[in-house]
Amino acid sequence: MPHLKITTNVSKSSIPGNFMKETSALIAKMLGKPESYCVVTVVPDQMMIWGGEEGPCAIAHLMSIGKLGVQENKSYSKILGEHIEKHLGVSPSHMYIEYQDIKTADLGYDKTTFHDILG
C-alpha cells in the first residue's frame with residue numbers, strides 16, 4: 001500500500017539500476033509494511049527548475065495507510081533525503097516530500113478496498 005513517487009529532472013540514464021529495488025526495500029523497512037505491497041515510481045527527465053536555478057531537483061510523494069505523522073515524517077525526510085541524494089544526486093534542499101496518510105476506504109486493491117482487506 002505504500003507508494004513513493006519521485007518526479008525529477010535527473011535523466012533516466014543517471015538512475016542506478018538497483019535504485020528501484022533498494023528504494024522499495026527501504027520504504028518497506030521504514031514504514032514496517034510488507035514489501036509485497038510497496039510501489040516505487042520514478043518519473044525522470046522532467047523539465048524542472050528549483051529556486052530559479054537549474055540543477056538536480058525533485059518532488060516526492062509518499063502515500064501510506066498509517067505510519068505517517070509529525071515525528072515519523074521528520075525521520076522519513078532524513079532517511080529519504082539521504083537516500084535520494086546518494087543515488088540521484090538531488091540535494092535534500094532541492095526536494096520537497098509530500099506525505100499522505102490515506103484512509104483504508106480510499107485505496108482500492110484487487111477488486112476491493114483496503115477497508116475490506118484490513119477490516
# chains A, B, ... in the order shown; residues from 1 in each chain; ligands from 1
$ residues_around --residues "range 95-111 of chain A" --least-positions-apart "6" --cutoff "8 Å" --atoms "only C-alpha atoms" --output "list in words"
Cys57, Ala58, Ile59, Ala60, His61, Leu62, Met63, Ser64, Ile65, Gly66, Lys67, Leu68, Asn73, Ser77, Gly81 and Leu118 of chain A
$ select_by_dssp --residues "range 3-119 of chain A" --states "strand (DSSP E or B)" --output "NGL selection string"
:A and (3-8 or 39-43 or 50 or 53 or 58-64 or 95-101 or 108-109 or 112-113)
$ write_last_selection --atoms "C-alpha atoms" --output "CSV table (one decimal), in the first residue's frame"
chain,number,residue,atom,x,y,z
A,3,HIS,CA,3.6,4.3,-2.8
A,4,LEU,CA,6.7,6.6,-3.2
A,5,LYS,CA,6.6,8.7,-6.4
A,6,ILE,CA,9.6,10.8,-7.3
A,7,THR,CA,9.4,13.3,-10.1
A,8,THR,CA,12.8,14.7,-11.1
A,39,VAL,CA,5.3,0.6,-5.0
A,40,VAL,CA,8.0,2.9,-6.2
A,41,THR,CA,7.6,5.2,-9.2
A,42,VAL,CA,10.3,7.4,-10.7
A,43,VAL,CA,9.4,10.0,-13.3
A,50,TRP,CA,14.4,25.0,-8.3
A,53,GLU,CA,18.4,27.8,-10.9
A,58,ALA,CA,12.8,16.5,-7.2
A,59,ILE,CA,9.3,16.4,-5.8
A,60,ALA,CA,8.4,13.3,-3.9
A,61,HIS,CA,5.1,12.0,-2.7
A,62,LEU,CA,4.8,9.2,-0.1
A,63,MET,CA,1.4,7.7,0.4
A,64,SER,CA,0.6,5.1,3.1
A,95,MET,CA,13.4,18.4,-2.9
A,96,TYR,CA,10.0,18.5,-1.3
A,97,ILE,CA,8.4,15.4,0.1
A,98,GLU,CA,4.6,15.4,0.5
A,99,TYR,CA,3.2,12.8,2.9
A,100,GLN,CA,-0.3,11.4,2.5
A,101,ASP,CA,-1.9,9.3,5.2
A,108,GLY,CA,-8.6,0.1,-3.9
A,109,TYR,CA,-6.7,-3.1,-4.5
A,112,THR,CA,-12.0,-4.2,-3.3
A,113,THR,CA,-10.5,-1.7,-0.9
$ closest_residue --among "A:Ser36, A:Asp116, A:Leu31, A:Pro56" --to "Gly69 in chain A" --atoms "only C-alpha atoms"
A:Leu31
$ select_by_dssp --residues "chain A" --states "helix (DSSP H, G or I)" --output "PyMOL selection string"
chain A and resi 12-14+19-31+35-37+70-88+92-94+104-106+114-118
$ atom_distance --atom1 "CA of His115 in chain A" --atom2 "CA of Cys38 in chain A"
17.4 Å
$ closest_residue --among "A:Gln71, A:Glu35, A:His94, A:Tyr76" --to "Gly52 in chain A" --atoms "only C-alpha atoms"
A:His94
$ closest_residue --among "A:Gly89, A:Ile117, A:Pro2, A:Val70" --to "Thr23 in chain A" --atoms "only C-alpha atoms"
A:Pro2
$ residues_around --residues "Leu88 in chain A" --least-positions-apart "5" --cutoff "8 Å" --atoms "only C-alpha atoms" --output "list of chain:residue names"
A:Val10, A:Ser14, A:Ile15, A:Pro16
$ write_last_selection --atoms "N, CA, C and O atoms" --output "short mmCIF file (atom, residue, chain, number, x, y, z; two decimals), in the first residue's frame"
data_model
loop_
_atom_site.label_atom_id
_atom_site.label_comp_id
_atom_site.auth_asym_id
_atom_site.auth_seq_id
_atom_site.Cartn_x
_atom_site.Cartn_y
_atom_site.Cartn_z
N VAL A 10 16.38 14.62 -13.10
CA VAL A 10 17.51 13.72 -13.30
C VAL A 10 17.17 12.80 -14.48
O VAL A 10 16.04 12.32 -14.59
N SER A 14 20.85 8.33 -15.69
CA SER A 14 21.65 8.60 -14.49
C SER A 14 21.12 7.87 -13.25
O SER A 14 21.74 7.94 -12.19
N ILE A 15 20.00 7.20 -13.38
CA ILE A 15 19.41 6.50 -12.23
C ILE A 15 20.02 5.10 -12.16
O ILE A 15 19.93 4.34 -13.12
N PRO A 16 20.67 4.77 -11.03
CA PRO A 16 21.31 3.46 -10.91
C PRO A 16 20.31 2.32 -11.10
O PRO A 16 19.15 2.42 -10.70
#
$ closest_residue --among "A:Val90, A:Asn18, A:Lys74, A:Glu82" --to "Glu54 in chain A" --atoms "only C-alpha atoms"
A:Val90
$ closest_residue --among "A:Leu80, A:Glu85, A:Met1, A:Lys12" --to "Pro44 in chain A" --atoms "only C-alpha atoms"
A:Lys12
